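Comments concern the structure below.
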Amino acid sequence: MVSISGLGAAQRPAARTPQQAVIPPRQASSGNPDDSLALWNGVPPYVLLIEDDEGDAVLVEELVEDSGIEVRLGRARSLADALHLLEAEAPECVLLDLHLPDAQGLDGLEKVLAVSAEAAVVVLTGLSEERAGLTAVASGAQDYLVKGRLEADVFMRAIRYAIQRKRTELAAVALQAGKLRAEENARLERGLLPTPLLLDDAPDTVSVCARYHPGRAQTLLGGDFYDVVQTPDGATHAVVGDVSGHGPSEAALGVCLRVAWRSFVMAGARGAELLGLLERILLAERSGPEIFATLVSLTRPGGTHAVSVQRAGHPGFLIRSAAGVELRTVPGGPALGIVPGWGAGWPVTEVPVEAGGAVMLFTDGLIEGRIGPGSDRLDEEGLLEIARRHPDLPAEPFVDTLIQAAQGLAADWGGLADDVAVLHLEWNSPT
């Protein structure tokens with residue numbers, strides 16, 4: 001007979017760990033995976049027995065041996081010992097006696113579930129305690145077994161089914177959490193990436209091409225945002241921004257800033273006043289003092305051939321014209337929230353954009369992907385080089401080509417890690 005080892009055991013074989021003993025099969029299993037737990041993830045499954053009665057512990061050991069299934073069986077003689085073992089290694093299954101020296105009834109079950117939420121729990125009850133077993137199942141255990149009615153095949157089948165039920169339960173919980181996260185991301189994305197608000201009778205016709213691509217292995221939505229509005233005076237206003245970090249708080253802040261920008265623009269805020277108001281919103285809504293936002297905002301009055309640009313810690317932008325593509329980085333100020341109440345404001349710079357010309361704004365996720373060893377990145381000059389190879393492409397293939405080229409260059413070096421937002425604006429106005 002191989003003894004069950006555990007905390008407090010008087011004697012242990014030298015070759016075994018202090019908490020576990022591998023119980024070899026007394027007879028070969030059928031080889032059918034439906035009838036065996038052997039080699040669970042490449043190793044015998046770990047089952048922790050929490051039982052203070054030596055006779056009952058020996059009974060469990062014999063049932064395991066007679067089952068013909070190899071199991072790593074751990075033993076704890078009290079709840080305190082069990083909690084210590086559970087913190088060291090999570091078992092696939094816990095066999096829990098409801099009457100322990102330091103826990104009675106459901107108290108032990110609640111504490112085991114709190115420490116090892118992913119383990120299946122099978123409660124061991126006496127012949128007269130079947131009702132207690134049913135109560136334990138209603139409280140979170142996967143099954144219960146009556147000690148005086150156990151046979152080896154029934155015993156191991158109960159363990160196997162308990163593990164499978166627990167895994168199914170965990171998978172269902174993960175699926176629901178993923179569904180809720182996807183729904184939340186979809187709602188936030190709708191707020192970050194709106195439909196442009198354009199006038200039917202504006203003196204200038206503006207064509208908008210917008211793209212958003214999440215970073216690699218994206219599980220949390222970022223705070224990249226954009227918006228385009230035409231006001232009754234015929235002016236076109238646009239913004240592209242990026243909240244630092246990833247997650248629902250940052251994405252919600254991006255939505256807040258985007259909606260605030262649209263509201264302030266439609267209410268008549270312009271220039272330094274506009275960015276000052278946005279910073280006040282950021283300071284009031286951000287989750288911590290380390291959160292900031294970069295952005296570039298522009299206005300093109302109706303019937304003109306220039307845009308007024310403000311930049312707050314953001315990359316430059318591309319201008320497309322008959323002469324080709326150029327990169328413009330106008331004077332700017334710090335990102336919103338970096339220097340709260342920055343007295344110098346954010347300067348407004350006039351940039352010529354000829355009739356039929358276009359402007360492409362983007363977030364830094366497009367240019368910060370690694371394209372070589374070390375810190376070698378695409379950067380603005382690399383993006384400009386790509387753009388100059390395709391000066392005559394229409395708006396949508398032009399934008400898509402730049403994004404695909406950036407993704408291709410970064411593919412062997414981890415991909416584009418950050419979100420990418422791109423906004424391409426093209427005006428067709430009277431000459």
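Chain labels A, B, ... are given in the sequence in which chains occur in the structure tokens; within each chain residues are numbered consecutively from 1, and ligands are likewise numbered from 1 in the order shown.
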Spatial neighbours of A:Glu110, 10 Å, only C-alpha atoms, chain gap at least 3 places, as a VMD selection string: chain A and resid 105 to 107 113 to 115 117 136 139 to 141
Preceding selection exported with all heavy atoms as a PDB file, in the first residue's frame:
```
ATOM      1  N   GLY A 105     -19.347  21.735   8.211  1.00  0.00           N
ATOM      2  CA  GLY A 105     -20.392  22.026   7.250  1.00  0.00           C
ATOM      3  C   GLY A 105     -19.889  22.835   6.065  1.00  0.00           C
ATOM      4  O   GLY A 105     -18.788  22.602   5.549  1.00  0.00           O
ATOM      5  N   LEU A 106     -20.691  23.795   5.654  1.00  0.00           N
ATOM      6  CA  LEU A 106     -20.395  24.550   4.445  1.00  0.00           C
ATOM      7  C   LEU A 106     -19.289  25.582   4.629  1.00  0.00           C
ATOM      8  O   LEU A 106     -18.820  26.168   3.643  1.00  0.00           O
ATOM      9  CB  LEU A 106     -21.662  25.257   3.955  1.00  0.00           C
ATOM     10  CG  LEU A 106     -22.818  24.346   3.541  1.00  0.00           C
ATOM     11  CD1 LEU A 106     -23.994  25.181   3.069  1.00  0.00           C
ATOM     12  CD2 LEU A 106     -22.381  23.364   2.453  1.00  0.00           C
ATOM     13  N   ASP A 107     -18.859  25.825   5.849  1.00  0.00           N
ATOM     14  CA  ASP A 107     -17.782  26.796   6.073  1.00  0.00           C
ATOM     15  C   ASP A 107     -16.511  26.391   5.335  1.00  0.00           C
ATOM     16  O   ASP A 107     -15.858  27.209   4.687  1.00  0.00           O
ATOM     17  CB  ASP A 107     -17.505  26.916   7.578  1.00  0.00           C
ATOM     18  CG  ASP A 107     -16.382  27.894   7.869  1.00  0.00           C
ATOM     19  OD1 ASP A 107     -16.486  29.068   7.475  1.00  0.00           O
ATOM     20  OD2 ASP A 107     -15.378  27.477   8.488  1.00  0.00           O
ATOM     21  N   LEU A 113     -13.558  27.148  -2.035  1.00  0.00           N
ATOM     22  CA  LEU A 113     -13.956  27.788  -3.287  1.00  0.00           C
ATOM     23  C   LEU A 113     -13.347  29.176  -3.423  1.00  0.00           C
ATOM     24  O   LEU A 113     -13.012  29.621  -4.521  1.00  0.00           O
ATOM     25  CB  LEU A 113     -15.477  27.867  -3.381  1.00  0.00           C
ATOM     26  CG  LEU A 113     -16.219  26.530  -3.539  1.00  0.00           C
ATOM     27  CD1 LEU A 113     -17.724  26.749  -3.467  1.00  0.00           C
ATOM     28  CD2 LEU A 113     -15.831  25.854  -4.841  1.00  0.00           C
ATOM     29  N   ALA A 114     -13.200  29.874  -2.296  1.00  0.00           N
ATOM     30  CA  ALA A 114     -12.630  31.218  -2.344  1.00  0.00           C
ATOM     31  C   ALA A 114     -11.165  31.190  -2.744  1.00  0.00           C
ATOM     32  O   ALA A 114     -10.683  32.076  -3.449  1.00  0.00           O
ATOM     33  CB  ALA A 114     -12.792  31.905  -0.990  1.00  0.00           C
ATOM     34  N   VAL A 115     -10.438  30.153  -2.323  1.00  0.00           N
ATOM     35  CA  VAL A 115      -9.003  30.066  -2.614  1.00  0.00           C
ATOM     36  C   VAL A 115      -8.739  29.397  -3.955  1.00  0.00           C
ATOM     37  O   VAL A 115      -7.801  29.754  -4.667  1.00  0.00           O
ATOM     38  CB  VAL A 115      -8.283  29.304  -1.480  1.00  0.00           C
ATOM     39  CG1 VAL A 115      -6.822  29.051  -1.827  1.00  0.00           C
ATOM     40  CG2 VAL A 115      -8.379  30.095  -0.185  1.00  0.00           C
ATOM     41  N   ALA A 117     -10.919  28.716  -7.003  1.00  0.00           N
ATOM     42  CA  ALA A 117     -12.192  28.825  -7.715  1.00  0.00           C
ATOM     43  C   ALA A 117     -12.252  27.950  -8.958  1.00  0.00           C
ATOM     44  O   ALA A 117     -13.336  27.647  -9.454  1.00  0.00           O
ATOM     45  CB  ALA A 117     -12.439  30.282  -8.107  1.00  0.00           C
ATOM     46  N   ALA A 136     -24.484  21.126  -0.251  1.00  0.00           N
ATOM     47  CA  ALA A 136     -23.154  21.524  -0.708  1.00  0.00           C
ATOM     48  C   ALA A 136     -23.129  21.732  -2.219  1.00  0.00           C
ATOM     49  O   ALA A 136     -22.505  22.676  -2.715  1.00  0.00           O
ATOM     50  CB  ALA A 136     -22.122  20.474  -0.289  1.00  0.00           C
ATOM     51  N   SER A 139     -24.480  24.909  -3.120  1.00  0.00           N
ATOM     52  CA  SER A 139     -23.618  26.013  -2.692  1.00  0.00           C
ATOM     53  C   SER A 139     -22.342  26.130  -3.505  1.00  0.00           C
ATOM     54  O   SER A 139     -21.492  26.963  -3.181  1.00  0.00           O
ATOM     55  CB  SER A 139     -23.271  25.845  -1.204  1.00  0.00           C
ATOM     56  OG  SER A 139     -24.437  25.848  -0.408  1.00  0.00           O
ATOM     57  N   GLY A 140     -22.158  25.274  -4.524  1.00  0.00           N
ATOM     58  CA  GLY A 140     -21.002  25.435  -5.385  1.00  0.00           C
ATOM     59  C   GLY A 140     -20.176  24.199  -5.629  1.00  0.00           C
ATOM     60  O   GLY A 140     -19.302  24.212  -6.512  1.00  0.00           O
ATOM     61  N   ALA A 141     -20.411  23.110  -4.881  1.00  0.00           N
ATOM     62  CA  ALA A 141     -19.691  21.864  -5.154  1.00  0.00           C
ATOM     63  C   ALA A 141     -20.222  21.242  -6.435  1.00  0.00           C
ATOM     64  O   ALA A 141     -21.367  21.469  -6.831  1.00  0.00           O
ATOM     65  CB  ALA A 141     -19.842  20.899  -3.989  1.00  0.00           C
TER      66      ALA A 141
END
```
What's around A:Ser287 at 9 Å? Count only C-alpha atoms, leave out sequence neighbours fewer than 2 positions away in its own chain, and write the answer as a PDB file with N, CA and C atoms, in the first residue's frame.
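Contents of around.pdb, freshly written:
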```pdb
ATOM      1  N   SER A 249     -11.537  52.333 -19.245  1.00  0.00           N
ATOM      2  CA  SER A 249     -11.471  53.699 -18.719  1.00  0.00           C
ATOM      3  C   SER A 249     -10.888  54.648 -19.754  1.00  0.00           C
ATOM      4  N   GLU A 250      -9.803  54.210 -20.424  1.00  0.00           N
ATOM      5  CA  GLU A 250      -9.167  55.052 -21.433  1.00  0.00           C
ATOM      6  C   GLU A 250     -10.079  55.221 -22.652  1.00  0.00           C
ATOM      7  N   LEU A 253     -12.790  57.610 -21.817  1.00  0.00           N
ATOM      8  CA  LEU A 253     -12.279  58.976 -21.822  1.00  0.00           C
ATOM      9  C   LEU A 253     -12.137  59.476 -23.257  1.00  0.00           C
ATOM     10  N   LEU A 283      -9.013  66.491 -17.370  1.00  0.00           N
ATOM     11  CA  LEU A 283      -8.605  66.525 -15.957  1.00  0.00           C
ATOM     12  C   LEU A 283      -9.736  66.069 -15.041  1.00  0.00           C
ATOM     13  N   ALA A 284     -10.970  66.389 -15.416  1.00  0.00           N
ATOM     14  CA  ALA A 284     -12.111  66.021 -14.580  1.00  0.00           C
ATOM     15  C   ALA A 284     -12.488  64.560 -14.717  1.00  0.00           C
ATOM     16  N   GLU A 285     -12.239  63.962 -15.896  1.00  0.00           N
ATOM     17  CA  GLU A 285     -12.743  62.621 -16.178  1.00  0.00           C
ATOM     18  C   GLU A 285     -11.685  61.524 -16.126  1.00  0.00           C
ATOM     19  N   PRO A 289      -3.654  60.726 -12.499  1.00  0.00           N
ATOM     20  CA  PRO A 289      -2.873  61.873 -12.983  1.00  0.00           C
ATOM     21  C   PRO A 289      -1.883  61.521 -14.086  1.00  0.00           C
ATOM     22  N   GLU A 290      -1.632  60.230 -14.284  1.00  0.00           N
ATOM     23  CA  GLU A 290      -0.689  59.814 -15.330  1.00  0.00           C
ATOM     24  C   GLU A 290      -1.333  59.756 -16.709  1.00  0.00           C
ATOM     25  N   ILE A 291      -2.642  59.889 -16.798  1.00  0.00           N
ATOM     26  CA  ILE A 291      -3.350  59.787 -18.070  1.00  0.00           C
ATOM     27  C   ILE A 291      -3.296  61.121 -18.812  1.00  0.00           C
TER      28      ILE A 291
END
```
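Every protein or nucleic acid residue with an atom no more than 9 Å from A:Ala90, counting only C-alpha atoms and leaving out same-chain residues fewer than 4 positions away, appears here: Tyr46, Leu85, Leu86, Ser116, Glu118 and Ala119 of chain A.
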Limited to C-alpha atoms, could you put the picked residues into a file as a compact mmCIF listing (two decimals), in the first residue's frame?
```
# COMPACT_ATOMS: atom_id res chain seq x y z
CA TYR A 46 -3.71 16.19 -9.05
CA LEU A 85 -1.59 23.40 -0.26
CA LEU A 86 -4.18 25.09 -2.50
CA SER A 116 -9.32 27.64 -5.54
CA GLU A 118 -11.08 26.72 -10.72
CA ALA A 119 -10.95 23.35 -8.92
```
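For the residues A:Ser78, A:Gln164, A:Gln104, A:Ser207, ranking by smallest atom-to-atom distance to A:Ala120 using only C-alpha atoms places A:Gln164 first.
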Nearest to A:Ala335 by atom-to-atom distance, counting only C-alpha atoms, from A:Gly369, A:Gly241, A:Gly222, A:Gly108: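 Closest to A:Ala335, using only C-alpha atoms: A:Gly241.
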Å distance separating atom CA of A:Ala235 from atom CA of A:Gly223, one decimal place: 26.5 Å
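Ranking A:Asn428, A:Gln407, A:Ala293, A:Leu318 by their shortest atom-to-atom distance to A:His305, with only C-alpha atoms included, puts A:Asn428 first.
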8 Å contact set for A:Gly345, only C-alpha atoms, chain neighbours under 3 positions out, as a list in words: Ala272, Gly276, Gly333 and Trp342 of chain A
From A:His237, A:Gly288, A:His314, A:Ile163, residue lying nearest A:Pro301 [only C-alpha atoms]: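 Looking at the shortest contact to A:Pro301, the residue is A:His237.
Of the residues under consideration (A:Ala251, A:Val330, A:Val351, A:Val422), A:Val351 shows the shortest atom-to-atom contact distance to A:Thr304 when counting only C-alpha atoms.
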Sel. of strand (DSSP E) residues, stretch 177-328 of chain A, as number ranges by chain: A: 205-213, 222-230, 236-246, 293-300, 306-312, 317-321, 324-328
Selection near A:Pro232, 12 Å with only C-alpha atoms, sequence-local residues under 6 positions removed, as number ranges by chain: A: 197-204, 265-268, 301-302
Convert the current residue selection to file output with N, CA and C atoms, as an mmCIF file, in the first residue's frame.
```cif
data_model
loop_
_atom_site.group_PDB
_atom_site.id
_atom_site.type_symbol
_atom_site.label_atom_id
_atom_site.label_comp_id
_atom_site.auth_asym_id
_atom_site.auth_seq_id
_atom_site.Cartn_x
_atom_site.Cartn_y
_atom_site.Cartn_z
ATOM 1 N N LEU A 197 -20.407 64.550 -39.309
ATOM 2 C CA LEU A 197 -21.589 65.405 -39.342
ATOM 3 C C LEU A 197 -21.360 66.464 -40.420
ATOM 4 N N LEU A 198 -21.854 66.212 -41.638
ATOM 5 C CA LEU A 198 -21.585 67.065 -42.792
ATOM 6 C C LEU A 198 -22.862 67.757 -43.261
ATOM 7 N N LEU A 199 -22.680 68.938 -43.871
ATOM 8 C CA LEU A 199 -23.803 69.711 -44.393
ATOM 9 C C LEU A 199 -24.082 69.341 -45.847
ATOM 10 N N ASP A 200 -25.342 69.366 -46.212
ATOM 11 C CA ASP A 200 -25.708 69.075 -47.604
ATOM 12 C C ASP A 200 -25.413 70.250 -48.526
ATOM 13 N N ASP A 201 -25.440 71.477 -47.974
ATOM 14 C CA ASP A 201 -25.291 72.669 -48.812
ATOM 15 C C ASP A 201 -24.014 73.445 -48.498
ATOM 16 N N ALA A 202 -22.977 72.766 -48.012
ATOM 17 C CA ALA A 202 -21.723 73.453 -47.684
ATOM 18 C C ALA A 202 -21.053 73.947 -48.961
ATOM 19 N N PRO A 203 -20.351 75.123 -48.911
ATOM 20 C CA PRO A 203 -19.671 75.626 -50.111
ATOM 21 C C PRO A 203 -18.560 74.692 -50.585
ATOM 22 N N ASP A 204 -17.975 73.942 -49.673
ATOM 23 C CA ASP A 204 -16.955 72.965 -50.031
ATOM 24 C C ASP A 204 -17.527 71.560 -49.839
ATOM 25 N N VAL A 265 -17.067 72.585 -30.628
ATOM 26 C CA VAL A 265 -16.947 73.143 -31.982
ATOM 27 C C VAL A 265 -18.296 73.678 -32.454
ATOM 28 N N MET A 266 -19.344 72.915 -32.258
ATOM 29 C CA MET A 266 -20.669 73.353 -32.706
ATOM 30 C C MET A 266 -21.167 74.544 -31.898
ATOM 31 N N ALA A 267 -20.634 74.702 -30.664
ATOM 32 C CA ALA A 267 -21.013 75.858 -29.840
ATOM 33 C C ALA A 267 -20.171 77.088 -30.144
ATOM 34 N N GLY A 268 -19.166 76.939 -31.024
ATOM 35 C CA GLY A 268 -18.394 78.096 -31.444
ATOM 36 C C GLY A 268 -17.011 78.218 -30.855
ATOM 37 N N PRO A 301 -12.033 76.992 -43.211
ATOM 38 C CA PRO A 301 -13.199 77.822 -43.494
ATOM 39 C C PRO A 301 -13.711 77.571 -44.914
ATOM 40 N N GLY A 302 -14.998 77.683 -45.111
ATOM 41 C CA GLY A 302 -15.583 77.427 -46.416
ATOM 42 C C GLY A 302 -15.032 78.355 -47.489
#
```
Of the listed residues A:Pro315, A:Gly74, A:Gly414, A:Gly215, that which approaches A:Pro373 most closely, counting only C-alpha atoms: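 Checking each of A:Pro315, A:Gly74, A:Gly414, A:Gly215 against A:Pro373, counting only C-alpha atoms, the winner is A:Gly414.
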10 Å contact set for A:Ala417, only C-alpha atoms, chain neighbours under 3 positions out, as a list in words: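 Contacts, in chain order: Pro214, Gly215, Arg216, Ala217, Gln218, Gly365, Leu366, Glu368, Gly369, Arg370, Gln407, Ala410, Trp413, Gly414 and Val420 of chain A.
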Contact residues around stretch 208-212 of chain A with only C-alpha atoms at 10 Å, ignoring same-chain residues under 2 positions, as a PyMOL selection string: chain A and resi 189+192-196+198+205-206+214-215+224-228+358+360-363+395-400+403+419-427
Same residues, N, CA and C atoms, saved as a short mmCIF file (atom, residue, chain, number, x, y, z; two decimals), in the first residue's frame:
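What follows is the written file part-v8.cif:
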```cif
data_model
loop_
_atom_site.label_atom_id
_atom_site.label_comp_id
_atom_site.auth_asym_id
_atom_site.auth_seq_id
_atom_site.Cartn_x
_atom_site.Cartn_y
_atom_site.Cartn_z
N GLU A 189 -16.49 51.64 -29.28
CA GLU A 189 -16.02 51.92 -30.63
C GLU A 189 -16.97 52.86 -31.37
N LEU A 192 -16.12 56.21 -30.20
CA LEU A 192 -14.82 56.70 -30.63
C LEU A 192 -14.79 57.01 -32.11
N LEU A 193 -15.55 56.26 -32.90
CA LEU A 193 -15.46 56.33 -34.36
C LEU A 193 -16.83 56.70 -34.92
N PRO A 194 -17.19 57.98 -34.90
CA PRO A 194 -18.55 58.38 -35.24
C PRO A 194 -18.76 58.55 -36.73
N THR A 195 -20.00 58.79 -37.11
CA THR A 195 -20.34 59.20 -38.46
C THR A 195 -20.09 60.70 -38.60
N PRO A 196 -19.32 61.15 -39.60
CA PRO A 196 -19.08 62.58 -39.76
C PRO A 196 -20.39 63.35 -39.88
N LEU A 198 -21.85 66.21 -41.64
CA LEU A 198 -21.59 67.07 -42.79
C LEU A 198 -22.86 67.76 -43.26
N THR A 205 -17.24 70.69 -50.77
CA THR A 205 -17.58 69.27 -50.61
C THR A 205 -16.36 68.56 -50.08
N VAL A 206 -16.50 67.92 -48.92
CA VAL A 206 -15.37 67.21 -48.33
C VAL A 206 -15.65 65.71 -48.36
N PRO A 214 -7.17 47.88 -34.56
CA PRO A 214 -6.66 47.62 -33.21
C PRO A 214 -5.24 47.09 -33.27
N GLY A 215 -4.51 47.29 -32.18
CA GLY A 215 -3.15 46.77 -32.09
C GLY A 215 -3.13 45.26 -32.03
N ASP A 224 -7.96 55.76 -29.04
CA ASP A 224 -7.84 56.53 -30.28
C ASP A 224 -9.23 56.98 -30.75
N PHE A 225 -9.33 58.22 -31.21
CA PHE A 225 -10.63 58.72 -31.66
C PHE A 225 -10.44 59.73 -32.80
N TYR A 226 -11.52 59.96 -33.53
CA TYR A 226 -11.53 60.99 -34.58
C TYR A 226 -12.94 61.52 -34.73
N ASP A 227 -13.06 62.67 -35.41
CA ASP A 227 -14.38 63.22 -35.69
C ASP A 227 -14.25 64.27 -36.79
N VAL A 228 -15.33 64.49 -37.51
CA VAL A 228 -15.41 65.51 -38.55
C VAL A 228 -16.77 66.18 -38.44
N ALA A 358 -5.63 67.31 -50.21
CA ALA A 358 -6.11 66.45 -49.14
C ALA A 358 -5.16 66.52 -47.95
N MET A 360 -4.10 64.10 -44.44
CA MET A 360 -4.26 62.82 -43.74
C MET A 360 -3.70 62.94 -42.33
N LEU A 361 -4.58 62.80 -41.35
CA LEU A 361 -4.22 62.80 -39.94
C LEU A 361 -4.15 61.36 -39.46
N PHE A 362 -3.29 61.10 -38.46
CA PHE A 362 -3.15 59.72 -37.97
C PHE A 362 -2.66 59.75 -36.54
N THR A 363 -2.88 58.62 -35.84
CA THR A 363 -2.33 58.46 -34.49
C THR A 363 -0.97 57.77 -34.56
N ALA A 395 -8.24 58.19 -52.38
CA ALA A 395 -8.16 58.25 -50.92
C ALA A 395 -8.15 56.87 -50.25
N GLU A 396 -9.13 56.03 -50.53
CA GLU A 396 -9.23 54.76 -49.80
C GLU A 396 -8.06 53.84 -50.07
N PRO A 397 -7.67 53.59 -51.34
CA PRO A 397 -6.49 52.74 -51.54
C PRO A 397 -5.20 53.38 -51.01
N PHE A 398 -5.12 54.72 -51.03
CA PHE A 398 -3.94 55.39 -50.47
C PHE A 398 -3.81 55.09 -48.97
N VAL A 399 -4.90 55.29 -48.24
CA VAL A 399 -4.88 55.04 -46.78
C VAL A 399 -4.61 53.57 -46.50
N ASP A 400 -5.31 52.68 -47.20
CA ASP A 400 -5.14 51.25 -46.95
C ASP A 400 -3.72 50.80 -47.28
N ILE A 403 -1.37 51.80 -44.38
CA ILE A 403 -1.57 50.96 -43.20
C ILE A 403 -0.99 49.57 -43.44
N ASP A 419 -3.05 50.87 -31.23
CA ASP A 419 -4.16 51.10 -32.15
C ASP A 419 -3.74 52.12 -33.22
N VAL A 420 -4.41 52.04 -34.37
CA VAL A 420 -4.15 52.97 -35.47
C VAL A 420 -5.47 53.61 -35.88
N ALA A 421 -5.51 54.94 -35.85
CA ALA A 421 -6.65 55.68 -36.37
C ALA A 421 -6.13 56.62 -37.46
N VAL A 422 -6.80 56.64 -38.62
CA VAL A 422 -6.39 57.47 -39.75
C VAL A 422 -7.62 58.19 -40.27
N LEU A 423 -7.44 59.49 -40.58
CA LEU A 423 -8.53 60.30 -41.11
C LEU A 423 -8.01 61.06 -42.33
N HIS A 424 -8.59 60.80 -43.51
CA HIS A 424 -8.17 61.41 -44.77
C HIS A 424 -9.31 62.32 -45.23
N LEU A 425 -8.99 63.60 -45.43
CA LEU A 425 -9.97 64.61 -45.83
C LEU A 425 -9.57 65.19 -47.18
N GLU A 426 -10.50 65.20 -48.13
CA GLU A 426 -10.22 65.72 -49.46
C GLU A 426 -11.31 66.68 -49.86
N TRP A 427 -10.92 67.94 -50.23
CA TRP A 427 -11.90 68.98 -50.55
C TRP A 427 -11.97 69.21 -52.06
#
```
Distance of atom CA of A:Val296 from atom CA of A:Val229, expressed in Å to one decimal place: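 Answer for the atom CA of A:Val229 to atom CA of A:Val296 separation: 14.5 Å.
For the pair atom CA of A:Leu109 and atom CA of A:Thr135, the interatomic distance is 10.8 Å.
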